[in-house]
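Student: Dumping the structure here so I can ask a few things about it.
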Amino acid sequence: MPKTWWLEVAFALQDYIDYYLLHKQKIIRESHTGDHVVFNARPVGYRNFLFEFDISPGETRQIYLRFKSHDGLHEPCPIILWNLHYRLLFLADFLLWLFVSILLAEFSQLE
């Protein structure tokens, strides 16, 4: 049974990213996104760039990423492989912002 994985390019300021998923030397999925592309055109509406692919045990896939930039490539650019549903990433972001909000509220009361 195939399992869904998510590849995250964890730097939101990449101008252009081309994503190619290959199986047996054939492109089975491609996506073109980036900071200079309309947000609604992203495969997943998330703060970083997420690309989904399914793979069964024993199978192999090749992933190619092409980065293009007008103001220089930004290094380092973390690339993370997730095996959980991407909506859990939204929960993690919410909890982080909740924590930061509580801290700000506490610091504002100190004055």
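FYI, nothing fancy with the structure tokens labels: chains A, B, ... in order, residues from 1 per chain, ligands from 1 as they appear.
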Can you pull out the residues contacting Ile63 of chain A? Cut-off 8 Å, using only C-alpha atoms, and skip same-chain residues under 5 positions away; I want them as a list in words.
Tutor: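 So the residues in contact are Tyr19, Tyr20, Leu21 and Leu22 of chain A.
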Student: Deliver the residues from the most recent selection as a file, using C-alpha atoms, as a CSV table (one decimal), in the first residue's frame.
Tutor:
```csv
chain,number,residue,atom,x,y,z
A,19,TYR,CA,9.8,20.0,-8.9
A,20,TYR,CA,10.0,16.8,-10.9
A,21,LEU,CA,9.0,13.4,-9.6
A,22,LEU,CA,10.3,10.5,-11.7
```
Student: Would you list, as an NGL selection string, the residues of chain A that end up in alpha helix (DSSP H) under DSSP run on this structure's backbone?
Tutor: :A and (87-110)
Student: Using only C-alpha atoms for the distances, tell me which of A:Glu106, A:Asp15, A:Glu8, A:Glu30 is nearest to Gln62 of chain A.
Tutor: A:Glu30
Student: Fewer than 5 positions away in the same chain doesn't count, so skip those; otherwise give me all residues within 9 Å of Ile17 of chain A, counting only C-alpha atoms, as a list in words.
Tutor: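 These residues fall inside the cut-off: Ser31, His32, Thr33, Gly34, Asp35, Phe49, Leu65, Arg66, Phe67, Lys68 and Ser69 of chain A.
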Student: How about saving the chosen residues, C-alpha atoms kept, as a PDB file, in the first residue's frame?
Tutor:
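Okay, out20.pdb is ready:
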```pdb
ATOM      1  CA  SER A  31       5.149  21.447 -10.238  1.00  0.00           C
ATOM      2  CA  HIS A  32       6.422  24.975 -10.780  1.00  0.00           C
ATOM      3  CA  THR A  33       6.229  27.381  -7.875  1.00  0.00           C
ATOM      4  CA  GLY A  34       8.241  29.909  -5.911  1.00  0.00           C
ATOM      5  CA  ASP A  35       8.151  33.239  -4.162  1.00  0.00           C
ATOM      6  CA  PHE A  49       6.971  24.876  -0.357  1.00  0.00           C
ATOM      7  CA  LEU A  65      14.508  20.283  -7.783  1.00  0.00           C
ATOM      8  CA  ARG A  66      15.610  23.223  -9.893  1.00  0.00           C
ATOM      9  CA  PHE A  67      16.092  26.582  -8.202  1.00  0.00           C
ATOM     10  CA  LYS A  68      16.178  29.847 -10.111  1.00  0.00           C
ATOM     11  CA  SER A  69      16.698  33.251  -8.579  1.00  0.00           C
TER      12      SER A  69
END
```
Student: Name the closest residue to Thr4 of chain A among the candidates A:Pro76, A:Val100, A:Asp18, A:Leu81; distances are taken between atoms, counting only C-alpha atoms.
Tutor: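 Using only C-alpha atoms, Thr4 of chain A sits closest to A:Leu81.
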Student: Compare A:Lys24, A:Phe99, A:Ala105, A:Ala10 by their minimum atom-to-atom distance to Glu59 of chain A, counting only C-alpha atoms, and give me the closest one.
Tutor: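 For Glu59 of chain A, the nearest of the candidates is A:Lys24.
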Student: Under the rule that only C-alpha atoms are counted, which of A:Leu103, A:Leu98, A:Ala92, A:Ile80 is the nearest residue to Phe51 of chain A?
Tutor: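 Checking each candidate against Phe51 of chain A, we get A:Ile80 as the closest.
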Student: What is the atom CA of His23 of chain A-atom CA of Phe53 of chain A distance in Å, reported with one decimal?
Tutor: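 So the answer is 11.0 Å.
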Student: I need the strand (DSSP E or B) residues of chain A per DSSP on the backbone, written as a PDB file with C-alpha atoms, in the first residue's frame.
Tutor:
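Written file, states-v3.pdb:
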```pdb
ATOM      1  CA  LYS A   3       2.428   5.835   1.703  1.00  0.00           C
ATOM      2  CA  THR A   4       2.195   9.578   1.221  1.00  0.00           C
ATOM      3  CA  TRP A   5       5.329  11.650   1.826  1.00  0.00           C
ATOM      4  CA  TRP A   6       5.875  15.395   1.718  1.00  0.00           C
ATOM      5  CA  LEU A   7       9.035  17.126   0.577  1.00  0.00           C
ATOM      6  CA  GLU A   8       9.408  20.569   2.115  1.00  0.00           C
ATOM      7  CA  VAL A   9      11.719  23.263   0.828  1.00  0.00           C
ATOM      8  CA  TYR A  16      11.363  29.874  -8.556  1.00  0.00           C
ATOM      9  CA  ILE A  17      11.319  26.147  -7.833  1.00  0.00           C
ATOM     10  CA  ASP A  18      10.688  23.432 -10.394  1.00  0.00           C
ATOM     11  CA  TYR A  19       9.822  20.033  -8.909  1.00  0.00           C
ATOM     12  CA  TYR A  20       9.989  16.816 -10.919  1.00  0.00           C
ATOM     13  CA  LEU A  21       9.015  13.384  -9.600  1.00  0.00           C
ATOM     14  CA  LEU A  22      10.313  10.505 -11.707  1.00  0.00           C
ATOM     15  CA  HIS A  23       9.505   6.812 -11.723  1.00  0.00           C
ATOM     16  CA  LYS A  26       9.583   9.075 -16.650  1.00  0.00           C
ATOM     17  CA  ILE A  27       8.211  12.276 -15.152  1.00  0.00           C
ATOM     18  CA  ILE A  28       5.035  11.324 -13.301  1.00  0.00           C
ATOM     19  CA  ARG A  29       4.467  14.668 -11.573  1.00  0.00           C
ATOM     20  CA  GLU A  30       5.832  18.156 -11.905  1.00  0.00           C
ATOM     21  CA  SER A  31       5.149  21.447 -10.238  1.00  0.00           C
ATOM     22  CA  HIS A  32       6.422  24.975 -10.780  1.00  0.00           C
ATOM     23  CA  THR A  33       6.229  27.381  -7.875  1.00  0.00           C
ATOM     24  CA  PHE A  49       6.971  24.876  -0.357  1.00  0.00           C
ATOM     25  CA  LEU A  50       5.482  21.371   0.015  1.00  0.00           C
ATOM     26  CA  PHE A  51       5.433  18.680  -2.650  1.00  0.00           C
ATOM     27  CA  GLU A  52       3.454  15.468  -2.208  1.00  0.00           C
ATOM     28  CA  PHE A  53       4.363  12.048  -3.527  1.00  0.00           C
ATOM     29  CA  ASP A  54       3.227   8.479  -2.889  1.00  0.00           C
ATOM     30  CA  ILE A  55       5.564   5.533  -2.695  1.00  0.00           C
ATOM     31  CA  GLN A  62      13.775  10.228  -8.106  1.00  0.00           C
ATOM     32  CA  ILE A  63      13.095  13.843  -7.239  1.00  0.00           C
ATOM     33  CA  TYR A  64      14.729  16.720  -9.018  1.00  0.00           C
ATOM     34  CA  LEU A  65      14.508  20.283  -7.783  1.00  0.00           C
ATOM     35  CA  ARG A  66      15.610  23.223  -9.893  1.00  0.00           C
ATOM     36  CA  PHE A  67      16.092  26.582  -8.202  1.00  0.00           C
ATOM     37  CA  LYS A  68      16.178  29.847 -10.111  1.00  0.00           C
ATOM     38  CA  ILE A  79      14.973  20.319   2.501  1.00  0.00           C
ATOM     39  CA  ILE A  80      12.863  18.179   4.829  1.00  0.00           C
ATOM     40  CA  LEU A  81      11.098  14.900   4.156  1.00  0.00           C
ATOM     41  CA  TRP A  82       7.869  14.402   6.137  1.00  0.00           C
TER      42      TRP A  82
END
```
Student: I'd like the interatomic distance between atom CA of Pro78 of chain A and atom CA of Leu96 of chain A, to a tenth of an Å.
Tutor: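 According to the coordinates, atom CA of Pro78 of chain A and atom CA of Leu96 of chain A are separated by 19.3 Å.
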